[in-house]
$ cat structure-v5.tsv   # TSV, C-alpha atoms and all ligand atoms
chain	number	residue	atom	x	y	z
A	1	MET	CA	60.90	96.80	114.48
A	2	THR	CA	63.31	94.10	115.70
A	3	VAL	CA	62.99	93.34	119.42
A	4	LEU	CA	66.16	93.77	121.48
A	5	ASN	CA	66.49	92.18	124.92
A	6	GLN	CA	67.96	94.63	127.43
A	7	TYR	CA	69.37	92.03	129.81
A	8	THR	CA	71.42	89.62	127.73
A	9	TYR	CA	74.19	90.04	125.20
A	10	GLU	CA	73.36	89.38	121.59
A	11	PRO	CA	75.20	90.45	118.44
A	12	LEU	CA	73.39	93.37	116.84
A	13	THR	CA	72.03	93.26	113.31
A	14	GLU	CA	71.42	96.25	111.06
A	15	SER	CA	67.80	96.09	112.14
A	16	SER	CA	68.38	95.74	115.92
A	17	ALA	CA	71.00	98.53	115.78
A	18	ILE	CA	68.17	100.80	114.60
A	19	THR	CA	66.01	99.50	117.48
A	20	LEU	CA	68.78	100.47	119.91
A	21	ALA	CA	69.16	103.94	118.37
A	22	VAL	CA	65.42	104.52	118.68
A	23	ARG	CA	65.37	103.22	122.25
A	24	LEU	CA	68.17	105.60	123.18
A	25	ARG	CA	66.23	108.51	121.62
A	26	LEU	CA	69.29	109.58	119.67
A	27	PHE	CA	67.15	110.79	116.76
A	28	ASN	CA	63.98	112.84	116.45
A	29	GLU	CA	60.84	110.78	116.93
A	30	GLY	CA	59.34	109.28	113.78
A	31	VAL	CA	62.31	109.81	111.45
A	32	VAL	CA	63.19	107.04	109.03
A	33	LEU	CA	66.56	105.49	109.89
A	34	THR	CA	68.87	103.46	107.67
A	35	CYS	CA	71.68	101.25	108.93
A	36	GLN	CA	74.74	99.66	107.40
A	37	GLU	CA	77.32	97.39	109.01
A	38	ILE	CA	80.64	98.98	107.98
A	39	GLY	CA	83.17	97.20	110.23
A	40	ASP	CA	86.30	96.23	108.34
A	41	GLY	CA	88.58	95.67	111.34
A	42	ASN	CA	89.68	92.40	112.88
A	43	LEU	CA	87.45	92.28	115.94
A	44	ASN	CA	84.15	94.17	116.08
A	45	LEU	CA	80.85	95.02	114.47
A	46	VAL	CA	80.41	98.67	113.47
A	47	PHE	CA	77.02	100.07	112.42
A	48	HIS	CA	76.36	103.41	110.78
A	49	VAL	CA	72.83	104.51	111.61
A	50	LYS	CA	71.58	107.50	109.68
A	51	ASP	CA	68.61	109.82	109.36
A	52	GLN	CA	69.07	110.57	105.66
A	53	VAL	CA	66.56	113.42	105.59
A	54	ASN	CA	68.20	115.47	108.33
A	55	ASN	CA	71.68	114.19	107.44
A	56	LYS	CA	72.36	113.10	111.03
A	57	GLY	CA	74.17	109.92	111.96
A	58	ILE	CA	75.73	107.90	114.75
A	59	ILE	CA	78.15	105.00	114.95
A	60	ILE	CA	77.29	101.95	117.06
A	61	LYS	CA	80.28	99.78	117.81
A	62	GLN	CA	79.82	96.35	119.35
A	63	ALA	CA	82.40	93.84	120.56
A	64	LEU	CA	81.88	90.26	119.41
A	65	PRO	CA	82.72	87.52	121.93
A	66	TYR	CA	85.45	86.26	119.60
A	67	ALA	CA	88.10	87.65	117.25
A	68	LYS	CA	86.25	88.23	113.94
A	69	VAL	CA	89.49	87.84	111.96
A	70	VAL	CA	89.87	84.20	113.11
A	71	GLY	CA	86.34	83.15	114.08
A	72	GLU	CA	84.56	81.68	117.10
A	73	SER	CA	87.51	79.41	117.89
A	74	TRP	CA	89.28	82.49	119.33
A	75	PRO	CA	87.10	83.72	122.23
A	76	LEU	CA	87.70	87.28	123.34
A	77	THR	CA	86.43	89.30	126.27
A	78	LEU	CA	83.45	91.63	125.76
A	79	GLN	CA	84.96	93.82	128.48
A	80	ARG	CA	87.11	95.45	125.81
A	81	ASN	CA	84.20	97.59	124.72
A	82	LYS	CA	84.02	99.20	128.17
A	83	ILE	CA	87.80	99.74	128.12
A	84	GLU	CA	87.51	101.40	124.73
A	85	SER	CA	84.69	103.67	125.85
A	86	GLN	CA	86.56	104.69	129.00
A	87	ALA	CA	89.82	105.24	127.12
A	88	LEU	CA	88.03	107.52	124.64
A	89	GLN	CA	86.59	109.47	127.55
A	90	VAL	CA	90.01	109.84	129.21
A	91	ALA	CA	91.55	111.00	125.92
A	92	GLY	CA	88.56	113.33	125.46
A	93	LYS	CA	89.68	115.22	128.57
A	94	TYR	CA	93.08	116.05	127.07
A	95	VAL	CA	92.46	116.13	123.30
A	96	PRO	CA	88.70	116.64	122.80
A	97	ASP	CA	89.14	117.59	119.14
A	98	LEU	CA	91.17	114.50	118.30
A	99	VAL	CA	88.79	111.72	119.45
A	100	PRO	CA	85.12	110.99	118.72
A	101	LYS	CA	82.50	111.93	121.30
A	102	VAL	CA	81.05	109.01	123.27
A	103	TYR	CA	77.23	109.29	123.49
A	104	TYR	CA	76.39	106.09	125.35
A	105	THR	CA	77.86	102.79	126.53
A	106	ASP	CA	75.92	99.59	127.27
A	107	GLU	CA	77.98	97.05	129.19
A	108	VAL	CA	75.49	94.17	128.64
A	109	LEU	CA	75.49	94.61	124.89
A	110	ALA	CA	79.22	95.52	124.89
A	111	THR	CA	78.22	98.44	122.74
A	112	THR	CA	79.32	102.07	122.51
A	113	VAL	CA	77.53	104.78	120.58
A	114	LEU	CA	79.87	107.32	119.04
A	115	GLU	CA	79.95	110.50	117.03
A	116	ASP	CA	79.49	109.90	113.31
A	117	LEU	CA	82.83	110.28	111.56
A	118	SER	CA	81.69	109.08	108.17
A	119	HIS	CA	82.70	112.37	106.54
A	120	LEU	CA	86.31	111.33	107.23
A	121	GLN	CA	88.50	108.66	105.67
A	122	ILE	CA	90.51	105.91	107.38
A	123	ALA	CA	94.13	107.14	107.17
A	124	ARG	CA	95.49	103.83	105.93
A	125	LYS	CA	93.09	103.76	103.00
A	126	GLY	CA	93.69	107.40	102.14
A	127	LEU	CA	97.46	107.00	102.27
A	128	ILE	CA	97.31	103.88	100.11
A	129	ASP	CA	95.28	105.88	97.58
A	130	GLY	CA	98.16	108.39	97.50
A	131	ASN	CA	96.47	111.19	99.44
A	132	ASP	CA	98.33	113.43	101.82
A	133	TYR	CA	96.83	114.68	105.06
A	134	PRO	CA	98.99	117.72	105.84
A	135	LEU	CA	97.97	117.94	109.49
A	136	ILE	CA	98.09	114.26	110.42
A	137	SER	CA	101.54	114.35	112.06
A	138	GLU	CA	100.89	117.58	113.94
A	139	HIS	CA	97.62	116.17	115.25
A	140	ILE	CA	98.97	112.74	116.14
A	141	GLY	CA	102.12	114.23	117.73
A	142	THR	CA	99.84	116.41	119.86
A	143	TYR	CA	97.52	113.49	120.67
A	144	LEU	CA	100.49	111.38	121.76
A	145	ALA	CA	102.13	114.05	123.91
A	146	LYS	CA	98.95	115.16	125.66
A	147	THR	CA	97.42	111.74	126.33
A	148	LEU	CA	100.69	110.08	127.31
A	149	PHE	CA	102.09	112.89	129.46
A	150	SER	CA	98.76	113.57	131.19
A	151	THR	CA	98.23	109.96	132.26
A	152	SER	CA	101.82	109.42	133.44
A	153	ASP	CA	103.44	109.85	136.86
A	154	PHE	CA	104.89	113.11	135.56
A	155	ALA	CA	101.42	114.69	135.55
A	156	LEU	CA	99.31	112.67	137.96
A	157	ASP	CA	99.45	112.12	141.66
A	158	PRO	CA	100.87	108.55	141.89
A	159	GLN	CA	97.79	107.38	143.85
A	160	LYS	CA	95.47	108.62	141.10
A	161	LYS	CA	97.67	107.13	138.45
A	162	LYS	CA	97.56	103.72	140.16
A	163	GLN	CA	93.76	103.90	140.31
A	164	LEU	CA	93.65	104.60	136.59
A	165	LEU	CA	96.14	101.81	135.96
A	166	LYS	CA	93.77	99.44	137.82
A	167	ASP	CA	90.81	100.55	135.71
A	168	PHE	CA	92.73	99.74	132.55
A	169	VAL	CA	94.09	96.28	133.34
A	170	ASN	CA	93.45	94.62	129.98
A	171	PRO	CA	95.11	91.17	130.04
A	172	GLU	CA	93.36	89.50	127.11
A	173	LEU	CA	93.99	92.28	124.64
A	174	CYS	CA	97.56	92.70	125.90
A	175	LYS	CA	98.10	88.98	125.32
A	176	ILE	CA	97.17	89.45	121.67
A	177	THR	CA	99.94	92.05	121.35
A	178	GLU	CA	102.40	90.02	123.44
A	179	ASP	CA	101.84	87.06	121.09
A	180	LEU	CA	101.24	88.69	117.70
A	181	VAL	CA	103.73	91.57	117.94
A	182	PHE	CA	106.42	90.40	120.33
A	183	THR	CA	106.56	86.59	120.14
A	184	ASP	CA	105.06	84.64	117.26
A	185	PRO	CA	106.78	86.43	114.34
A	186	PHE	CA	110.18	85.65	115.87
A	187	PHE	CA	109.47	81.90	116.02
A	188	ASN	CA	108.08	79.25	113.70
A	189	HIS	CA	104.56	79.71	115.02
A	190	GLU	CA	101.28	78.64	113.40
A	191	THR	CA	99.79	82.15	113.52
A	192	ASN	CA	102.43	83.45	111.12
A	193	ASN	CA	101.41	84.09	107.55
A	194	PHE	CA	103.85	84.90	104.74
A	195	GLU	CA	104.53	84.12	101.11
A	196	LEU	CA	106.82	81.20	100.28
A	197	GLU	CA	109.29	83.61	98.66
A	198	LEU	CA	109.94	85.20	102.06
A	199	THR	CA	111.02	81.92	103.66
A	200	PRO	CA	114.80	82.63	103.53
A	201	ASP	CA	114.30	86.08	105.15
A	202	VAL	CA	111.96	84.68	107.81
A	203	GLU	CA	114.22	81.74	108.61
A	204	GLU	CA	117.17	84.10	108.97
A	205	LEU	CA	115.08	86.13	111.43
A	206	TRP	CA	114.17	83.04	113.45
A	207	GLN	CA	117.85	82.12	113.70
A	208	ASN	CA	119.12	85.63	114.42
A	209	VAL	CA	120.02	85.51	118.11
A	210	ASN	CA	120.90	89.20	118.20
A	211	VAL	CA	117.51	90.32	116.85
A	212	LYS	CA	115.73	87.89	119.16
A	213	LEU	CA	117.61	89.10	122.22
A	214	GLU	CA	116.67	92.72	121.44
A	215	ALA	CA	113.05	91.72	120.69
A	216	ALA	CA	112.98	89.95	124.06
A	217	LYS	CA	114.09	93.16	125.79
A	218	LEU	CA	111.36	95.13	124.01
A	219	LYS	CA	108.77	92.52	124.93
A	220	LYS	CA	109.85	92.75	128.56
A	221	LYS	CA	109.39	96.50	128.44
A	222	PHE	CA	105.90	96.09	127.00
A	223	LEU	CA	105.06	93.56	129.73
A	224	THR	CA	106.42	95.50	132.68
A	225	SER	CA	106.64	99.22	132.03
A	226	GLY	CA	103.42	100.98	133.06
A	227	GLU	CA	104.42	104.52	132.13
A	228	ALA	CA	101.19	105.94	130.71
A	229	LEU	CA	97.73	105.02	129.47
A	230	LEU	CA	98.35	103.87	125.91
A	231	HIS	CA	95.98	103.65	122.99
A	232	GLY	CA	97.60	100.25	122.46
A	233	ASP	CA	96.84	99.80	118.73
A	234	LEU	CA	97.71	103.10	117.09
A	235	HIS	CA	98.17	102.02	113.49
A	236	THR	CA	96.85	104.07	110.56
A	237	GLY	CA	93.65	101.99	110.51
A	238	SER	CA	92.81	103.46	113.94
A	239	ILE	CA	92.83	107.02	112.64
A	240	PHE	CA	90.18	108.93	110.69
A	241	VAL	CA	91.42	111.91	108.66
A	242	SER	CA	90.59	114.68	106.25
A	243	GLN	CA	92.61	117.68	105.10
A	244	ASP	CA	91.91	119.50	108.36
A	245	GLU	CA	90.62	116.95	110.89
A	246	THR	CA	92.11	113.92	112.64
A	247	LYS	CA	90.26	111.57	115.00
A	248	VAL	CA	91.84	108.65	116.84
A	249	ILE	CA	89.46	105.71	117.25
A	250	ASP	CA	89.48	102.11	118.53
A	251	PRO	CA	91.47	102.20	121.81
A	252	GLU	CA	90.21	98.77	122.92
A	253	PHE	CA	93.83	97.68	123.52
A	254	ALA	CA	94.31	100.53	126.03
A	255	PHE	CA	96.41	99.73	129.10
A	256	TYR	CA	99.29	101.19	131.11
A	257	GLY	CA	102.42	100.55	129.07
A	258	PRO	CA	105.61	102.13	127.71
A	259	ILE	CA	105.09	105.54	126.07
A	260	GLY	CA	107.18	104.63	123.00
A	261	PHE	CA	104.77	101.85	122.02
A	262	ASP	CA	102.02	104.14	120.70
A	263	ILE	CA	104.53	106.38	118.92
A	264	GLY	CA	106.37	103.39	117.47
A	265	GLN	CA	103.22	101.80	116.06
A	266	PHE	CA	102.20	105.00	114.29
A	267	VAL	CA	105.70	105.62	112.92
A	268	ALA	CA	105.99	101.98	111.75
A	269	ASN	CA	102.75	102.21	109.82
A	270	LEU	CA	103.91	105.43	108.11
A	271	ILE	CA	107.15	103.68	107.14
A	272	LEU	CA	105.24	100.62	105.85
A	273	ASN	CA	103.22	102.99	103.70
A	274	ALA	CA	106.43	104.69	102.49
A	275	ILE	CA	107.80	101.30	101.46
A	276	SER	CA	104.65	100.60	99.44
A	277	VAL	CA	104.36	103.90	97.55
A	278	LYS	CA	106.21	105.42	94.63
A	279	THR	CA	109.32	107.47	95.36
A	280	PRO	CA	107.92	111.07	95.17
A	281	ASN	CA	105.32	110.40	97.88
A	282	ARG	CA	107.95	109.09	100.26
A	283	GLU	CA	109.29	112.53	101.17
A	284	THR	CA	105.87	113.52	102.52
A	285	LEU	CA	105.77	110.39	104.66
A	286	TYR	CA	109.31	111.02	105.94
A	287	HIS	CA	108.16	114.51	106.90
A	288	HIS	CA	105.25	113.01	108.84
A	289	VAL	CA	107.57	110.61	110.69
A	290	THR	CA	109.91	113.45	111.70
A	291	ASN	CA	107.11	115.88	112.48
A	292	THR	CA	105.22	113.36	114.64
A	293	TRP	CA	108.28	112.96	116.84
A	294	ASN	CA	109.13	116.69	116.85
A	295	VAL	CA	105.59	117.76	117.77
A	296	PHE	CA	105.42	114.99	120.37
A	297	SER	CA	108.72	115.93	122.03
A	298	GLU	CA	108.08	119.70	121.93
A	299	THR	CA	104.56	119.38	123.38
A	300	PHE	CA	105.70	116.80	125.94
A	301	SER	CA	108.55	119.15	126.99
A	302	THR	CA	106.20	122.12	127.36
A	303	LEU	CA	103.81	120.07	129.49
A	304	TRP	CA	106.74	118.81	131.55
A	305	LYS	CA	107.97	122.34	132.21
A	306	HIS	CA	104.57	123.79	133.11
A	307	GLU	CA	102.55	120.93	134.55
A	308	SER	CA	104.84	118.29	135.98
A	309	LEU	CA	104.19	117.25	139.60
A	310	GLU	CA	107.42	115.27	139.73
A	311	ALA	CA	109.90	116.62	142.30
A	312	PHE	CA	112.84	115.88	140.00
A	313	ALA	CA	111.28	117.52	136.93
A	314	ASN	CA	113.58	120.56	137.11
A	315	ILE	CA	116.77	118.57	137.55
A	316	ASP	CA	119.00	119.28	134.58
A	317	GLY	CA	119.06	116.42	132.13
A	318	TYR	CA	116.02	114.49	133.42
A	319	LEU	CA	113.68	115.59	130.61
A	320	GLU	CA	116.38	114.91	128.00
A	321	TYR	CA	117.04	111.48	129.53
A	322	SER	CA	113.32	110.66	129.46
A	323	LEU	CA	112.90	111.73	125.83
A	324	ARG	CA	115.99	109.73	124.85
A	325	GLN	CA	114.50	106.59	126.41
A	326	ILE	CA	111.17	107.21	124.69
A	327	LEU	CA	112.89	107.67	121.29
A	328	GLU	CA	114.83	104.45	121.75
A	329	ASP	CA	111.64	102.55	122.63
A	330	THR	CA	109.76	104.19	119.74
A	331	ILE	CA	112.36	102.93	117.25
A	332	GLY	CA	112.48	99.42	118.70
A	333	PHE	CA	108.70	99.04	118.91
A	334	ALA	CA	108.39	100.38	115.36
A	335	GLY	CA	110.75	97.61	114.20
A	336	CYS	CA	108.61	94.92	115.89
A	337	GLU	CA	105.42	96.36	114.37
A	338	MET	CA	106.96	96.37	110.88
A	339	ILE	CA	107.97	92.74	111.16
A	340	ARG	CA	104.68	91.52	112.56
A	341	ARG	CA	102.62	93.38	109.91
A	342	THR	CA	104.70	91.63	107.24
A	343	ILE	CA	104.94	88.03	108.41
A	344	GLY	CA	102.55	87.72	111.37
A	345	LEU	CA	98.82	87.09	111.59
A	346	ALA	CA	97.46	90.59	110.95
A	347	HIS	CA	98.93	92.21	107.85
A	348	VAL	CA	98.53	95.69	106.37
A	349	ALA	CA	96.84	96.47	103.07
A	350	ASP	CA	99.74	98.83	102.22
A	351	LEU	CA	101.95	95.79	101.55
A	352	ASP	CA	99.41	93.03	100.83
A	353	GLY	CA	97.68	95.29	98.32
A	354	ILE	CA	100.72	95.52	96.01
A	355	ASP	CA	99.38	93.55	93.04
A	356	ASP	CA	102.64	92.78	91.29
A	357	ASP	CA	104.09	89.67	92.98
A	358	GLU	CA	107.71	90.65	92.49
A	359	GLU	CA	107.14	94.19	93.76
A	360	ARG	CA	105.20	92.94	96.78
A	361	ILE	CA	107.86	90.42	97.80
A	362	LYS	CA	110.57	93.04	97.36
A	363	ALA	CA	108.62	95.49	99.55
A	364	LYS	CA	108.11	92.87	102.24
A	365	LYS	CA	111.80	91.92	102.23
A	366	ILE	CA	112.61	95.59	102.80
A	367	ALA	CA	110.07	95.77	105.66
A	368	ILE	CA	111.70	92.78	107.37
A	369	LEU	CA	115.21	94.17	106.84
A	370	LEU	CA	114.28	97.61	108.18
A	371	GLY	CA	112.35	96.09	111.08
A	372	LYS	CA	115.47	94.16	112.13
A	373	GLN	CA	117.65	97.26	111.81
A	374	LEU	CA	115.34	99.33	113.99
A	375	ILE	CA	115.17	96.65	116.66
A	376	THR	CA	118.92	96.11	116.84
A	377	ASN	CA	120.16	99.68	116.27
A	378	ARG	CA	117.65	101.55	118.42
A	379	THR	CA	120.19	102.40	121.12
A	380	THR	CA	122.64	103.96	118.68
A	381	ILE	CA	120.19	105.94	116.52
A	382	THR	CA	120.51	109.39	118.04
A	383	SER	CA	117.64	111.32	116.44
A	384	ILE	CA	114.46	111.00	114.44
A	385	ASN	CA	116.34	112.44	111.44
A	386	GLU	CA	118.85	109.61	111.67
A	387	LEU	CA	116.00	107.10	111.69
A	388	VAL	CA	114.54	108.67	108.55
A	389	GLU	CA	118.00	108.62	106.91
A	390	ILE	CA	118.20	104.87	107.52
A	391	VAL	CA	114.80	104.33	105.91
A	392	ARG	CA	115.71	106.66	103.03
A	393	SER	CA	119.01	104.92	102.32
A	394	VAL	CA	117.41	101.46	102.27
A	395	LEU	CA	114.58	102.68	100.02
A	396	GLN	CA	116.66	104.75	97.61
A	397	ASN	CA	118.02	101.62	95.91
A	398	ASP	CA	114.47	100.42	95.44
A	401	LIG	C1	93.37	89.13	116.47
A	401	LIG	S1	93.52	90.80	116.40
A	401	LIG	C2	94.80	91.17	115.29
A	401	LIG	C3	95.22	92.58	115.32
A	401	LIG	O1	94.11	93.43	115.04
A	401	LIG	C4	94.11	94.53	115.92
A	401	LIG	O2	93.84	95.72	115.26
A	401	LIG	C5	95.47	94.54	116.58
A	401	LIG	O3	96.42	95.23	115.82
A	401	LIG	C6	95.75	93.08	116.64
A	401	LIG	O4	97.10	92.80	116.85
A	402	MG	MG	91.29	98.14	116.07
$ encode --input "structure-v5.tsv" --output "structure tokens" --more "lines below"
Ligand code: SR1
Ligand code: MG
Amino acid sequence: MTVLNQYTYEPLTESSAITLAVRLRLFNEGVVLTCQEIGDGNLNLVFHVKDQVNNKGIIIKQALPYAKVVGESWPLTLQRNKIESQALQVAGKYVPDLVPKVYYTDEVLATTVLEDLSHLQIARKGLIDGNDYPLISEHIGTYLAKTLFSTSDFALDPQKKKQLLKDFVNPELCKITEDLVFTDPFFNHETNNFELELTPDVEELWQNVNVKLEAAKLKKKFLTSGEALLHGDLHTGSIFVSQDETKVIDPEFAFYGPIGFDIGQFVANLILNAISVKTPNRETLYHHVTNTWNVFSETFSTLWKHESLEAFANIDGYLEYSLRQILEDTIGFAGCEMIRRTIGLAHVADLDGIDDDEERIKAKKIAILLGKQLITNRTTITSINELVEIVRSVLQND
């Protein structure tokens, strides 16, 4: 069996991941274990260790000291694995059914051992394949309301909240978002990546002072507004699903930020999928956009009424004001996410996977156009239904 040093970091291999599983006594003694590296994200190694005979498995996730998507030239803190493990444990307090169980965390190896979710599908892949997950919006709306409300000043004693905020200071991962979501796509920056045919649309964006001013305001909010403990990277690749289960994974970008950011990222990725699919499937995705917001706002309101510690919670209009602000931020952040997933460094398979060149370019032009509209019109869009109507009217000519 491969030897694994306990005191220094080293990237795991399929063989040393088995050594770790055995050392942690996570399986019955003597069973034969298999292991496969299954990570397809931008940053980490992910191993699936399995006892095939007893059909029992675990996931071992390890941070690499650099961003896998770029290579060793982009060093990245190993600390993110601890943040991810802690964020999963915080979420586990409020939504135990919607996150994987954490079995073990090793700070030296930057490794977390998690519940095996291999019976589920990554939502992005399933949606691209045309599947529907009828409960996804109810589950994610609930996840958002419970995690975001429960870690905010509305639910926590401000001293406790500040302690939590300290535990989740995550500057390196936040910088990735500050650069890749809120800055680089709006300028002629080397990290950007787009087809030649999009040049006129991208150049218009770079010269559009109105869009840039509104993007600057959203960036400032992301930088300065520590409202709740966010997941920080809640796209459809961070969600495992089936017809009746949903599990949110990968909160390594967790930090105290604006509530609308998590909601906006999820909504944006649903809209990007809607842009990429054939017309009949779009209605289901529109339903999920609306339902995510409706479940979020209803659950958030119930928690507010029954559990808020805030002295002003019962003042008429305060809840409505807060939800209005969150909706506005959700729409604006969704616009930024749509633009960066189209022309920035890290794309989405929903759009990149459209084989036909003409269709793909058309879809990406729509994503840029809608992204700009959401950023600039977020203060005048009065409801989630109005947002969906905007998406519908742009897509119905498609
Ligand atoms: C260098 S990391 C690129 C992207 O992958 C992650 O999932 C985040 O979305 C990040 O922005
Ligand atoms: Mg991730």
$ residues_around --input "structure-v5.tsv" --residues "Leu370 of chain A" --least-positions-apart "2" --cutoff "8 Å" --atoms "all atoms listed in the file" --output "PyMOL selection string"
chain A and resi 335+338+366-368+372-374+391+394
$ residues_around --input "structure-v5.tsv" --residues "Pro185 of chain A" --least-positions-apart "4" --cutoff "10 Å" --atoms "only C-alpha atoms" --output "list in words"
Asp179, Leu180, Val181, His189, Glu190, Thr191, Asn192, Asn193, Val202, Leu205, Trp206, Cys336, Ile339, Arg340, Arg341, Thr342, Ile343, Gly344 and Leu345 of chain A
$ write_last_selection --input "structure-v5.tsv" --atoms "C-alpha atoms" --output "short mmCIF file (atom, residue, chain, number, x, y, z; two decimals), keeping the file's coordinate frame"
data_model
loop_
_atom_site.label_atom_id
_atom_site.label_comp_id
_atom_site.auth_asym_id
_atom_site.auth_seq_id
_atom_site.Cartn_x
_atom_site.Cartn_y
_atom_site.Cartn_z
CA ASP A 179 101.84 87.06 121.09
CA LEU A 180 101.24 88.69 117.70
CA VAL A 181 103.73 91.57 117.94
CA HIS A 189 104.56 79.71 115.02
CA GLU A 190 101.28 78.64 113.40
CA THR A 191 99.79 82.15 113.52
CA ASN A 192 102.43 83.45 111.12
CA ASN A 193 101.41 84.09 107.55
CA VAL A 202 111.96 84.68 107.81
CA LEU A 205 115.08 86.13 111.43
CA TRP A 206 114.17 83.04 113.45
CA CYS A 336 108.61 94.92 115.89
CA ILE A 339 107.97 92.74 111.16
CA ARG A 340 104.68 91.52 112.56
CA ARG A 341 102.62 93.38 109.91
CA THR A 342 104.70 91.63 107.24
CA ILE A 343 104.94 88.03 108.41
CA GLY A 344 102.55 87.72 111.37
CA LEU A 345 98.82 87.09 111.59
#
$ closest_residue --input "structure-v5.tsv" --among "A:Leu164, A:Val348, A:Val3, A:Leu223" --to "Asn273 of chain A" --atoms "only C-alpha atoms"
A:Val348
$ atom_distance --input "structure-v5.tsv" --atom1 "atom CA of Glu29 of chain A" --atom2 "atom CA of Thr105 of chain A"
21.1 Å
$ residues_around --input "structure-v5.tsv" --residues "Pro100 of chain A" --least-positions-apart "5" --cutoff "9 Å" --atoms "all atoms listed in the file" --output "count of residues only"
9
$ residues_near_ligand --input "structure-v5.tsv" --ligand "ligand MG 402 (chain A)" --cutoff "12 Å" --atoms "only C-alpha atoms and all ligand atoms" --output "ChimeraX atom specification"
/A:39-46,61,63,67-69,80-81,84,122,173,176-177,231-239,248-254,346
$ residues_around --input "structure-v5.tsv" --residues "Leu323 of chain A" --least-positions-apart "5" --cutoff "9 Å" --atoms "only C-alpha atoms" --output "compact mmCIF listing (two decimals) with C-alpha atoms, in the frame of the given file"
# COMPACT_ATOMS: atom_id res chain seq x y z
CA SER A 297 108.72 115.93 122.03
CA PHE A 300 105.70 116.80 125.94
CA SER A 301 108.55 119.15 126.99
CA TYR A 318 116.02 114.49 133.42
CA GLU A 328 114.83 104.45 121.75
$ atom_distance --input "structure-v5.tsv" --atom1 "atom CA of Met1 of chain A" --atom2 "atom CA of Tyr103 of chain A"
22.4 Å
$ closest_residue --input "structure-v5.tsv" --among "A:Arg25, A:Lys56, A:Lys162, A:Arg392" --to "Leu285 of chain A" --atoms "only C-alpha atoms"
A:Arg392
$ atom_distance --input "structure-v5.tsv" --atom1 "atom C1 of ligand LIG 401 (chain A)" --atom2 "atom CA of Ala215 of chain A"
20.3 Å
$ closest_residue --input "structure-v5.tsv" --among "A:Leu135, A:Ile83, A:Leu109, A:Leu369" --to "Glu245 of chain A" --atoms "only C-alpha atoms"
A:Leu135
$ decode --input "structure-v5.tsv" --residues "segment 304-316 of chain A" --atoms "N, CA and C atoms" --output "PDB file, in the first residue's frame"
ATOM      1  N   TRP A 304     -37.916  35.279   9.488  1.00  0.00           N
ATOM      2  CA  TRP A 304     -37.855  36.659   9.978  1.00  0.00           C
ATOM      3  C   TRP A 304     -38.930  36.870  11.053  1.00  0.00           C
ATOM      4  N   LYS A 305     -40.157  36.407  10.715  1.00  0.00           N
ATOM      5  CA  LYS A 305     -41.274  36.650  11.647  1.00  0.00           C
ATOM      6  C   LYS A 305     -41.117  35.864  12.932  1.00  0.00           C
ATOM      7  N   HIS A 306     -40.575  34.655  12.853  1.00  0.00           N
ATOM      8  CA  HIS A 306     -40.539  33.797  14.045  1.00  0.00           C
ATOM      9  C   HIS A 306     -39.206  33.786  14.775  1.00  0.00           C
ATOM     10  N   GLU A 307     -38.123  34.108  14.063  1.00  0.00           N
ATOM     11  CA  GLU A 307     -36.813  33.893  14.694  1.00  0.00           C
ATOM     12  C   GLU A 307     -35.921  35.112  14.734  1.00  0.00           C
ATOM     13  N   SER A 308     -36.388  36.254  14.202  1.00  0.00           N
ATOM     14  CA  SER A 308     -35.472  37.382  14.136  1.00  0.00           C
ATOM     15  C   SER A 308     -35.165  37.954  15.522  1.00  0.00           C
ATOM     16  N   LEU A 309     -33.891  38.272  15.741  1.00  0.00           N
ATOM     17  CA  LEU A 309     -33.469  38.915  16.996  1.00  0.00           C
ATOM     18  C   LEU A 309     -33.421  40.426  16.834  1.00  0.00           C
ATOM     19  N   GLU A 310     -33.602  40.892  15.620  1.00  0.00           N
ATOM     20  CA  GLU A 310     -33.439  42.307  15.311  1.00  0.00           C
ATOM     21  C   GLU A 310     -34.598  43.124  15.911  1.00  0.00           C
ATOM     22  N   ALA A 311     -34.242  44.181  16.649  1.00  0.00           N
ATOM     23  CA  ALA A 311     -35.247  44.997  17.330  1.00  0.00           C
ATOM     24  C   ALA A 311     -36.240  45.643  16.356  1.00  0.00           C
ATOM     25  N   PHE A 312     -35.790  45.908  15.139  1.00  0.00           N
ATOM     26  CA  PHE A 312     -36.653  46.574  14.157  1.00  0.00           C
ATOM     27  C   PHE A 312     -37.452  45.588  13.286  1.00  0.00           C
ATOM     28  N   ALA A 313     -37.304  44.293  13.577  1.00  0.00           N
ATOM     29  CA  ALA A 313     -37.909  43.288  12.680  1.00  0.00           C
ATOM     30  C   ALA A 313     -39.407  43.487  12.487  1.00  0.00           C
ATOM     31  N   ASN A 314     -40.102  43.952  13.530  1.00  0.00           N
ATOM     32  CA  ASN A 314     -41.563  44.099  13.409  1.00  0.00           C
ATOM     33  C   ASN A 314     -41.998  45.443  12.857  1.00  0.00           C
ATOM     34  N   ILE A 315     -41.053  46.293  12.542  1.00  0.00           N
ATOM     35  CA  ILE A 315     -41.437  47.605  11.997  1.00  0.00           C
ATOM     36  C   ILE A 315     -41.972  47.411  10.579  1.00  0.00           C
ATOM     37  N   ASP A 316     -43.174  47.917  10.379  1.00  0.00           N
ATOM     38  CA  ASP A 316     -43.834  47.756   9.072  1.00  0.00           C
ATOM     39  C   ASP A 316     -42.923  48.190   7.937  1.00  0.00           C
TER      40      ASP A 316
END
